[in-house]
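The file data_33.tsv comes next; it holds TSV, C-alpha atoms.
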chain	number	residue	atom	x	y	z
A	620	MET	CA	88.41	14.78	88.17
A	621	ASP	CA	87.73	11.15	88.93
A	622	ASP	CA	85.78	10.82	92.14
A	623	GLU	CA	87.13	7.62	93.61
A	624	ARG	CA	87.09	8.63	97.30
A	625	PRO	CA	83.53	9.66	98.26
A	626	ASP	CA	84.49	9.78	101.96
A	627	MET	CA	86.97	12.56	101.25
A	628	LEU	CA	86.54	16.29	100.60
A	629	THR	CA	88.07	18.04	97.64
A	630	ILE	CA	89.61	21.45	98.31
A	631	GLY	CA	86.53	23.02	96.72
A	632	GLN	CA	84.23	21.11	99.05
A	633	LEU	CA	86.41	22.04	102.03
A	634	ALA	CA	86.18	25.69	100.99
A	635	HIS	CA	82.39	25.44	100.77
A	636	ARG	CA	82.21	23.71	104.16
A	637	THR	CA	84.40	26.33	105.95
A	638	GLY	CA	83.41	29.47	104.04
A	639	LEU	CA	87.01	30.16	103.01
A	640	SER	CA	88.32	30.62	99.50
A	641	VAL	CA	90.08	27.84	97.63
A	642	ARG	CA	93.01	30.18	97.17
A	643	THR	CA	93.40	30.65	100.95
A	644	LEU	CA	93.15	26.94	101.62
A	645	ARG	CA	95.66	26.16	98.90
A	646	PHE	CA	98.09	28.69	100.43
A	647	TRP	CA	97.65	27.26	103.93
A	648	SER	CA	98.14	23.78	102.51
A	649	ASP	CA	101.34	24.78	100.71
A	650	GLU	CA	102.66	26.26	103.97
A	651	GLY	CA	101.94	23.05	105.87
A	652	ALA	CA	99.15	24.39	108.07
A	653	VAL	CA	96.35	22.32	106.51
A	654	SER	CA	98.01	19.48	104.64
A	655	PRO	CA	95.86	17.08	102.57
A	656	VAL	CA	95.34	13.66	104.07
A	657	ALA	CA	95.49	11.98	100.67
A	658	ARG	CA	95.65	12.54	96.95
A	659	SER	CA	93.27	11.36	94.28
A	660	ALA	CA	94.45	9.22	91.40
A	661	SER	CA	94.70	12.43	89.42
A	662	GLY	CA	96.86	14.08	92.10
A	663	TYR	CA	94.21	16.37	93.55
A	664	ARG	CA	94.31	17.16	97.30
A	665	LEU	CA	91.82	15.37	99.48
A	666	TYR	CA	90.73	16.18	103.05
A	667	ASP	CA	88.66	14.46	105.72
A	668	THR	CA	86.27	15.71	108.39
A	669	LYS	CA	89.16	16.33	110.79
A	670	SER	CA	90.55	18.75	108.24
A	671	VAL	CA	87.47	20.93	108.77
A	672	ALA	CA	88.27	21.27	112.48
A	673	ARG	CA	91.92	21.96	111.64
A	674	VAL	CA	90.92	24.72	109.21
A	675	GLU	CA	88.73	26.30	111.90
A	676	LEU	CA	91.63	26.27	114.36
A	677	VAL	CA	93.98	27.82	111.81
A	678	ARG	CA	91.42	30.50	111.02
A	679	THR	CA	90.97	31.31	114.72
A	680	LEU	CA	94.71	31.61	115.32
A	681	ARG	CA	95.13	33.76	112.20
A	682	GLU	CA	92.29	36.07	113.27
A	683	LEU	CA	94.09	36.50	116.61
A	684	GLY	CA	97.14	37.75	114.73
A	685	LEU	CA	99.39	34.68	114.69
A	686	GLY	CA	101.57	34.18	111.65
A	687	LEU	CA	101.49	30.91	109.75
A	688	ASP	CA	104.90	29.95	111.15
A	689	ASP	CA	103.53	30.14	114.69
A	690	VAL	CA	100.34	28.34	113.63
A	691	CYS	CA	102.38	25.48	112.18
A	692	ARG	CA	104.48	25.27	115.33
A	693	VAL	CA	101.31	24.96	117.43
A	694	LEU	CA	99.77	22.36	115.14
A	695	SER	CA	102.96	20.27	115.10
A	696	GLY	CA	103.18	20.30	118.88
A	697	ARG	CA	106.48	22.22	118.98
A	698	THR	CA	104.81	24.90	121.14
A	699	THR	CA	101.47	25.50	122.81
A	700	VAL	CA	98.75	28.03	122.11
A	701	ALA	CA	99.35	29.51	125.58
A	702	GLU	CA	103.06	30.06	124.92
A	703	VAL	CA	102.43	31.68	121.56
A	704	ALA	CA	99.59	33.75	123.01
A	705	ASN	CA	101.85	35.07	125.76
A	706	THR	CA	104.40	36.22	123.19
A	707	HIS	CA	101.71	37.89	121.11
A	708	VAL	CA	100.21	39.65	124.15
A	709	ALA	CA	103.59	41.32	124.76
A	710	ALA	CA	103.83	42.26	121.09
A	711	LEU	CA	100.29	43.65	121.08
A	712	ASP	CA	100.98	45.66	124.23
A	713	ALA	CA	103.99	47.23	122.52
A	714	GLN	CA	101.92	47.93	119.42
A	715	ILE	CA	99.14	49.49	121.50
A	716	ARG	CA	101.67	51.77	123.25
A	717	PHE	CA	103.08	52.73	119.84
A	718	LEU	CA	99.59	53.52	118.52
A	719	LYS	CA	98.73	55.57	121.61
A	720	VAL	CA	101.85	57.68	121.12
A	721	SER	CA	101.07	58.06	117.41
A	722	ARG	CA	97.51	59.11	118.22
A	723	ALA	CA	98.70	61.65	120.77
A	724	VAL	CA	101.22	63.16	118.35
A	725	LEU	CA	98.66	63.38	115.53
A	726	SER	CA	96.09	64.88	117.91
A	727	THR	CA	98.59	67.54	118.96
A	728	VAL	CA	99.53	68.23	115.33
A	729	ALA	CA	95.85	68.68	114.42
A	730	LYS	CA	95.22	70.93	117.43
A	731	ARG	CA	98.22	73.15	116.74
A	732	GLY	CA	98.12	73.10	112.95
A	733	SER	CA	101.80	72.14	113.07
A	734	THR	CA	104.24	72.31	110.18
A	735	ALA	CA	106.09	69.25	108.91
A	736	GLU	CA	109.20	70.28	110.89
A	737	GLU	CA	107.20	70.76	114.10
A	738	THR	CA	105.51	67.42	113.57
A	739	ALA	CA	108.86	65.67	113.19
A	740	LEU	CA	110.14	67.31	116.40
A	741	MET	CA	107.05	66.33	118.38
A	742	ASN	CA	107.30	62.76	117.13
A	743	ARG	CA	110.95	62.55	118.24
A	744	LEU	CA	110.15	64.00	121.66
A	745	ALA	CA	107.26	61.59	122.15
A	746	ARG	CA	109.33	58.53	121.24
A	747	LEU	CA	112.37	59.26	123.40
A	748	SER	CA	113.43	56.44	125.66
A	749	ALA	CA	112.88	56.71	129.41
A	750	ALA	CA	116.60	57.42	129.89
A	751	GLU	CA	116.54	60.19	127.26
A	752	ARG	CA	113.47	61.80	128.83
A	753	LYS	CA	115.11	61.65	132.26
A	754	GLN	CA	118.24	63.32	130.91
A	755	ILE	CA	116.22	66.26	129.54
A	756	ILE	CA	114.47	66.76	132.90
A	757	ASP	CA	117.65	66.29	134.95
A	758	GLU	CA	119.54	68.88	132.89
A	759	PHE	CA	116.66	71.32	133.29
A	760	LYS	CA	116.46	70.78	137.06
A	761	GLU	CA	120.20	71.22	137.48
A	762	GLU	CA	120.28	74.49	135.55
A	763	VAL	CA	117.22	76.03	137.21
A	764	PHE	CA	117.23	74.57	140.72
A	765	GLY	CA	120.68	73.03	141.15
A	766	ASP	CA	122.38	75.53	143.48
A	767	LEU	CA	119.47	77.00	145.43
A	768	ASP	CA	120.30	78.37	148.88
A	769	ASP	CA	117.27	76.58	150.34
A	770	PRO	CA	118.34	72.91	150.61
A	771	ARG	CA	114.83	71.72	151.47
A	772	LEU	CA	113.34	73.30	148.37
A	773	ARG	CA	116.26	72.08	146.25
A	774	ASP	CA	115.84	68.51	147.47
A	775	ARG	CA	112.09	68.69	146.98
A	776	ILE	CA	112.50	69.74	143.36
A	777	GLN	CA	115.25	67.23	142.62
A	778	THR	CA	113.24	64.31	143.96
A	779	LEU	CA	110.04	65.31	142.14
A	780	SER	CA	109.33	62.53	139.65
A	781	ILE	CA	108.48	63.75	136.15
A	782	GLU	CA	108.21	60.53	134.18
A	783	LEU	CA	105.81	59.05	131.69
A	784	PRO	CA	104.43	55.69	132.83
A	785	ASP	CA	105.06	52.59	130.74
A	786	ASP	CA	101.53	52.83	129.37
A	787	PRO	CA	100.81	56.56	129.12
A	788	THR	CA	97.47	58.01	128.13
A	789	PRO	CA	97.28	60.23	125.03
A	790	GLU	CA	96.81	63.20	127.39
A	791	GLN	CA	100.05	62.36	129.21
A	792	VAL	CA	101.97	62.05	125.94
A	793	ASP	CA	100.52	65.38	124.75
A	794	ALA	CA	101.58	67.02	128.04
A	795	TRP	CA	105.06	65.50	127.78
A	796	ILE	CA	105.53	66.96	124.28
A	797	ASP	CA	104.61	70.42	125.59
A	798	LEU	CA	106.77	70.03	128.69
A	799	ALA	CA	109.81	68.79	126.78
A	800	GLU	CA	109.59	71.73	124.37
A	801	LEU	CA	109.19	74.14	127.29
A	802	VAL	CA	112.07	72.94	129.48
A	803	ARG	CA	114.45	72.81	126.49
A	804	ASP	CA	113.81	76.52	125.81
A	805	PRO	CA	116.78	78.58	127.15
A	806	GLY	CA	114.52	81.62	127.55
A	807	PHE	CA	112.10	79.72	129.75
A	808	ARG	CA	114.93	78.32	131.85
A	809	ALA	CA	116.34	81.82	132.40
A	810	ARG	CA	112.95	83.30	133.33
A	811	LEU	CA	112.14	80.45	135.67
A	812	ARG	CA	115.55	80.74	137.32
A	813	THR	CA	114.93	84.45	137.96
A	814	TRP	CA	111.55	83.62	139.49
A	815	VAL	CA	113.05	80.86	141.66
A	816	GLU	CA	115.79	83.15	142.97
A	817	LEU	CA	113.27	85.88	143.76
A	818	ASN	CA	111.06	83.49	145.74
A	819	THR	CA	113.72	81.42	147.51
A	820	PRO	CA	114.46	82.32	151.17
A	821	VAL	CA	117.93	83.72	151.84
A	822	PRO	CA	119.76	81.97	154.74
A	823	GLY	CA	119.08	83.83	157.97
A	824	GLN	CA	116.10	85.69	156.53
A	825	GLY	CA	112.42	84.92	156.17
A	826	ARG	CA	110.59	83.87	153.06
A	827	PRO	CA	110.40	86.66	150.44
A	828	PRO	CA	107.09	88.57	150.36
A	829	GLY	CA	104.56	86.84	148.15
A	830	ALA	CA	106.51	83.61	147.79
A	831	LEU	CA	103.64	81.69	149.38
A	832	ILE	CA	101.50	82.53	146.35
A	833	TRP	CA	103.35	79.80	144.49
A	834	TRP	CA	103.79	77.25	147.27
A	835	ALA	CA	100.49	77.54	149.18
A	836	ARG	CA	97.52	76.59	147.04
A	837	GLN	CA	95.08	77.97	149.62
A	838	ILE	CA	95.92	81.46	148.35
A	839	VAL	CA	94.75	80.48	144.87
A	840	GLN	CA	91.67	78.82	146.36
A	841	THR	CA	90.81	81.99	148.28
A	842	VAL	CA	91.09	84.08	145.10
A	843	ALA	CA	89.00	81.53	143.19
A	844	GLU	CA	86.20	81.90	145.75
A	845	VAL	CA	86.43	85.71	145.56
A	846	ARG	CA	86.27	85.66	141.76
A	847	LYS	CA	83.29	83.32	141.91
A	848	ARG	CA	81.45	86.00	143.93
A	849	GLY	CA	82.21	88.50	141.17
A	850	VAL	CA	84.56	90.68	143.20
A	851	ALA	CA	86.45	93.15	140.99
A	852	PRO	CA	90.24	93.25	141.54
A	853	GLU	CA	90.19	97.06	141.67
A	854	GLY	CA	87.41	97.31	144.27
A	855	PRO	CA	87.48	97.81	148.06
A	856	GLU	CA	86.58	94.19	148.78
A	857	ALA	CA	89.67	93.10	146.84
A	858	ALA	CA	91.80	95.32	149.12
A	859	GLU	CA	90.38	93.47	152.11
A	860	VAL	CA	91.31	90.15	150.51
A	861	LEU	CA	94.88	91.36	150.02
A	862	SER	CA	95.11	92.36	153.68
A	863	GLU	CA	93.82	88.95	154.69
A	864	LEU	CA	96.34	87.15	152.47
A	865	PHE	CA	99.48	89.28	152.94
A	866	GLY	CA	98.97	91.38	156.06
A	867	ASP	CA	101.48	94.23	156.21
A	868	ALA	CA	103.95	92.66	153.74
A	869	ASP	CA	105.54	94.90	151.12
A	870	ARG	CA	102.90	94.85	148.36
A	871	THR	CA	105.38	96.06	145.75
A	872	ALA	CA	107.64	93.10	146.48
A	873	VAL	CA	104.69	90.74	146.48
A	874	LEU	CA	103.59	92.03	143.08
A	875	ARG	CA	107.12	91.77	141.72
A	876	GLY	CA	107.37	88.11	142.72
A	877	LEU	CA	103.97	87.40	141.21
A	878	GLU	CA	104.65	89.17	137.92
A	879	VAL	CA	107.99	87.42	137.46
A	880	GLY	CA	106.28	84.06	137.99
A	881	ILE	CA	103.55	84.88	135.48
A	882	GLU	CA	106.16	86.01	132.95
A	883	ALA	CA	108.16	82.83	133.59
A	884	GLU	CA	105.09	80.65	132.90
A	885	ALA	CA	105.55	78.97	136.27
A	886	GLU	CA	101.88	77.98	136.39
A	887	ARG	CA	102.04	76.43	132.93
A	888	TYR	CA	105.10	74.42	134.01
A	889	ARG	CA	103.31	73.24	137.17
A	890	ARG	CA	100.23	72.13	135.21
A	891	LEU	CA	102.25	70.28	132.57
A	892	VAL	CA	104.19	68.40	135.25
A	893	ALA	CA	100.90	67.44	136.91
A	894	ARG	CA	99.42	66.21	133.61
A	895	VAL	CA	102.52	64.15	132.75
A	896	ARG	CA	102.23	62.52	136.18
A	897	GLY	CA	98.56	61.74	135.54
A	898	GLN	CA	97.23	64.38	137.97
A	899	ASP	CA	94.68	65.79	135.54
A	900	SER	CA	92.54	67.17	138.36
A	901	ALA	CA	95.11	69.89	139.16
A	902	PRO	CA	93.20	73.13	138.37
A	903	ASP	CA	94.55	75.88	136.15
A	904	ALA	CA	95.23	78.88	138.40
A	905	THR	CA	96.22	81.29	135.62
A	906	GLU	CA	93.09	83.46	135.91
A	907	GLU	CA	93.38	83.59	139.71
A	908	LEU	CA	97.00	84.74	139.47
A	909	GLU	CA	96.10	87.39	136.89
A	910	TRP	CA	93.27	88.63	139.15
A	911	LEU	CA	95.67	88.82	142.08
A	912	ALA	CA	98.21	90.77	140.02
A	913	ARG	CA	95.54	93.29	138.98
A	914	ALA	CA	94.42	93.66	142.59
A	915	LEU	CA	97.99	94.29	143.78
A	916	ARG	CA	98.59	96.88	141.03
A	917	ALA	CA	95.40	98.68	141.99
A	918	ALA	CA	96.38	98.62	145.66
A	919	ASN	CA	99.87	99.98	144.92
A	920	GLN	CA	98.41	102.84	142.86
A	921	ALA	CA	95.85	103.78	145.51
As a first step, turn the structure in this file into structure tokens.
Amino acid sequence: MDDERPDMLTIGQLAHRTGLSVRTLRFWSDEGAVSPVARSASGYRLYDTKSVARVELVRTLRELGLGLDDVCRVLSGRTTVAEVANTHVAALDAQIRFLKVSRAVLSTVAKRGSTAEETALMNRLARLSAAERKQIIDEFKEEVFGDLDDPRLRDRIQTLSIELPDDPTPEQVDAWIDLAELVRDPGFRARLRTWVELNTPVPGQGRPPGALIWWARQIVQTVAEVRKRGVAPEGPEAAEVLSELFGDADRTAVLRGLEVGIEAEAERYRRLVARVRGQDSAPDATEELEWLARALRAANQA
């Protein structure tokens, strides 16, 4: 090539100066992002020192994820870096949410050893829209709690928010998958309905024996402290704990209400709801409830 413009850079020299390949620079030039400032007598592209700064800007914008169309719009003055950046922030946020959901689904699949069919179902459940998730929960609430005789309890359940936030954690997505599968199970709905009916006060009467086990967490806390001391559920100290908790209430009825709740997986439902809502600190009371059931059985057989 005839070198008749020593103040100019050939595309090879520009590549050496910027550390990019000639192929990349030629592509950017063809797309209008880094156009040559002149041509040699032989038709070769020539660039000046300003072209070096322009290449660095294009590289920066490309590394930040902007397409060449957006880069060209910025360089031509048709838009600003700030405007394009704002658009890309929104797109990246959406992509991050998508990746978080994907990670949560794959984590659950790995943990469960799920089949292809189970994986497809979990992926669909995780990617439901907010309106679709709400419909699943609303249908569940209506079937299980819709016509309770206790209006205060009914209203409390109906107003309980069970929604994934706009930017859920992988743990919240994982909990939502489990919860959605659980509340869509007709068997679970029937068992939970039986438990709710057994523990809901009848108008004009007091609360059913043992119902406070599920609504007053201090009972679980008391049992947790007793278990921590190593008290056996079949021993005499356990009988004293039962007297402290339930007084002269019908122990058979108390046990019945507790066993139905355990069978209905009421504690699992409570924990999943808490995790979906981001309340990860809610303790698992399953072992406390099982201890209490054993203590009540021992007391009834004594």
Can I get the residues of stretch 661-684 of chain A within 12 Å of stretch 707-728 of chain A, each with the closest pair of atoms and their distance in Å to one decimal, using all atoms listed in the file, sorted chain first then ascending number, as a tab-separated table?
residue	atom	partner	partner_atom	distance
A:Leu680	CA	A:His707	CA	11.0
A:Arg681	CA	A:His707	CA	11.8
A:Leu683	CA	A:His707	CA	9.0
A:Gly684	CA	A:His707	CA	7.8
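Shortest atom-to-atom contact with A:Thr706 among A:Leu685, A:Ala893, A:Val879, A:Leu628: A:Leu685, counting all atoms listed in the file.
Between atom CA of A:Asn818 and atom CA of A:Gly854 there is a distance of 27.4 Å.
Shortest separation to A:Asp766 among A:Leu740, A:Ala799, A:Val690, A:Val815 occurs at residue A:Val815, atoms counted being only C-alpha atoms.
Reported to one decimal place, the separation of atom CA of A:Gly806 from atom CA of A:Asn919 is 29.2 Å.
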Practice prompt. May I have the residues at most 8 Å from (88.8, 23.8, 97.5) in the file's coordinates, counting all atoms listed in the file, as an MDAnalysis selection string?
Written response: chainID A and resid 629:635 640:642 644:645
Item to complete: Please provide the set of residues having any atom within 7 Å of A:Phe759, restricted to all atoms listed in the file, with same-chain residues fewer than 4 positions apart removed, written as a list of chain:residue names.
Response: A:Ile755, A:Val763, A:Val802
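Near A:Ala851, within 12 Å and counting only C-alpha atoms, sit A:Val842, A:Val845, A:Arg846, A:Glu856, A:Ala857, A:Ala858, A:Glu859, A:Val860, A:Glu907, A:Glu909, A:Trp910, A:Leu911, A:Arg913, A:Ala914, A:Leu915, A:Ala917; same-chain residues fewer than 5 positions away were not included.
Interatomic distance, atom CA of A:Pro789 to atom CA of A:Thr734: 20.4 Å.
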Practice prompt. Using all atoms listed in the file, pick whichever of A:Val850, A:Ala701, A:Val677, A:Leu639 has the shortest atom-to-atom distance to A:Gly651.
Written response: A:Val677
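Closest approach to A:Ser695 from the set A:Thr643, A:Thr905, A:Ser654, A:Ser733 is made by A:Ser654, with distances taken over all atoms listed in the file.
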Worksheet item: In terms of the shortest atom-to-atom distance over only C-alpha atoms, which of A:Leu798, A:Val656, A:Val671, A:Leu694 is closest to A:Ile781?
Response: A:Leu798
Stretch 869-886 of chain A, all listed atoms, 5 Å padding on each side: what axis-aligned box centre and edge lengths in Å to one decimal come out, as JSON?
{"center_x": 105.0, "center_y": 87.0, "center_z": 142.0, "size_x": 16.3, "size_y": 28.1, "size_z": 28.2}
Discussion item. Can you tell me which residues surround A:Phe807 at a distance of at most 9 Å, considering only C-alpha atoms, apart from same-chain residues fewer than 6 positions away, and format the answer as a PyMOL selection string?
Written reply: chain A and resi 801+883-884
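Nearest residue to A:Pro805 among A:Val839, A:Arg894, A:Glu758, A:Ser659 is A:Glu758, counting all atoms listed in the file.
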Discussion item. Residues near A:Val892, anyone? I mean within 12 Å using all atoms listed in the file, not counting same-chain ones fewer than 2 positions away, as a PyMOL selection string.
Written reply: chain A and resi 756+776+779-783+790-799+801-802+885-890+894-899+901
If I only have part of stretch 868-903 of chain A, can you fill in N, CA and C atoms and write it as a compact mmCIF listing (two decimals), keeping the file's coordinate frame?
# COMPACT_ATOMS: atom_id res chain seq x y z
N ALA A 868 102.79 92.93 154.61
CA ALA A 868 103.95 92.66 153.74
C ALA A 868 104.06 93.73 152.67
N ASP A 869 105.27 93.92 152.17
CA ASP A 869 105.54 94.90 151.12
C ASP A 869 104.79 94.50 149.85
N ARG A 870 103.72 95.22 149.50
CA ARG A 870 102.90 94.85 148.36
C ARG A 870 103.66 94.97 147.05
N THR A 871 104.58 95.91 146.97
CA THR A 871 105.38 96.06 145.75
C THR A 871 106.23 94.81 145.52
N ALA A 872 106.83 94.32 146.60
CA ALA A 872 107.64 93.10 146.48
C ALA A 872 106.78 91.89 146.16
N VAL A 873 105.60 91.85 146.77
CA VAL A 873 104.69 90.74 146.48
C VAL A 873 104.32 90.74 145.00
N LEU A 874 103.97 91.92 144.48
CA LEU A 874 103.59 92.03 143.08
C LEU A 874 104.75 91.66 142.16
N ARG A 875 105.95 92.09 142.53
CA ARG A 875 107.12 91.77 141.72
C ARG A 875 107.30 90.25 141.62
N GLY A 876 107.21 89.56 142.74
CA GLY A 876 107.37 88.11 142.72
C GLY A 876 106.29 87.43 141.90
N LEU A 877 105.07 87.97 141.96
CA LEU A 877 103.97 87.40 141.21
C LEU A 877 104.14 87.63 139.71
N GLU A 878 104.50 88.85 139.34
CA GLU A 878 104.65 89.17 137.92
C GLU A 878 105.78 88.37 137.28
N VAL A 879 106.87 88.20 138.00
CA VAL A 879 107.99 87.42 137.46
C VAL A 879 107.55 85.98 137.24
N GLY A 880 106.77 85.44 138.16
CA GLY A 880 106.28 84.06 137.99
C GLY A 880 105.34 83.92 136.81
N ILE A 881 104.46 84.91 136.62
CA ILE A 881 103.55 84.88 135.48
C ILE A 881 104.34 84.96 134.18
N GLU A 882 105.33 85.87 134.14
CA GLU A 882 106.16 86.01 132.95
C GLU A 882 106.97 84.73 132.67
N ALA A 883 107.36 84.05 133.74
CA ALA A 883 108.16 82.83 133.59
C ALA A 883 107.32 81.62 133.21
N GLU A 884 106.00 81.77 133.20
CA GLU A 884 105.09 80.65 132.90
C GLU A 884 105.22 79.54 133.94
N ALA A 885 105.40 79.95 135.19
CA ALA A 885 105.55 78.97 136.27
C ALA A 885 104.29 78.12 136.43
N GLU A 886 103.13 78.73 136.25
CA GLU A 886 101.88 77.98 136.39
C GLU A 886 101.72 76.97 135.25
N ARG A 887 102.11 77.36 134.05
CA ARG A 887 102.04 76.43 132.93
C ARG A 887 102.96 75.23 133.18
N TYR A 888 104.16 75.49 133.69
CA TYR A 888 105.10 74.42 134.01
C TYR A 888 104.49 73.48 135.06
N ARG A 889 103.90 74.06 136.10
CA ARG A 889 103.31 73.24 137.17
C ARG A 889 102.21 72.35 136.61
N ARG A 890 101.34 72.90 135.75
CA ARG A 890 100.23 72.13 135.21
C ARG A 890 100.71 71.01 134.28
N LEU A 891 101.73 71.30 133.48
CA LEU A 891 102.25 70.28 132.57
C LEU A 891 102.87 69.12 133.36
N VAL A 892 103.61 69.45 134.40
CA VAL A 892 104.19 68.40 135.25
C VAL A 892 103.08 67.54 135.84
N ALA A 893 102.02 68.19 136.32
CA ALA A 893 100.90 67.44 136.91
C ALA A 893 100.25 66.54 135.88
N ARG A 894 100.08 67.01 134.65
CA ARG A 894 99.42 66.21 133.61
C ARG A 894 100.30 65.03 133.21
N VAL A 895 101.62 65.25 133.09
CA VAL A 895 102.52 64.15 132.75
C VAL A 895 102.44 63.06 133.82
N ARG A 896 102.29 63.47 135.06
CA ARG A 896 102.23 62.52 136.18
C ARG A 896 100.82 61.92 136.35
N GLY A 897 99.90 62.30 135.47
CA GLY A 897 98.56 61.74 135.54
C GLY A 897 97.65 62.43 136.52
N GLN A 898 98.03 63.63 136.99
CA GLN A 898 97.23 64.38 137.97
C GLN A 898 96.38 65.42 137.22
N ASP A 899 95.46 64.92 136.40
CA ASP A 899 94.68 65.79 135.54
C ASP A 899 93.73 66.69 136.31
N SER A 900 93.49 66.37 137.58
CA SER A 900 92.54 67.17 138.36
C SER A 900 93.14 68.48 138.86
N ALA A 901 94.47 68.65 138.70
CA ALA A 901 95.11 69.89 139.16
C ALA A 901 94.52 71.07 138.39
N PRO A 902 93.87 72.04 139.08
CA PRO A 902 93.20 73.13 138.37
C PRO A 902 94.20 74.13 137.81
N ASP A 903 93.76 74.82 136.77
CA ASP A 903 94.55 75.88 136.15
C ASP A 903 94.32 77.17 136.94
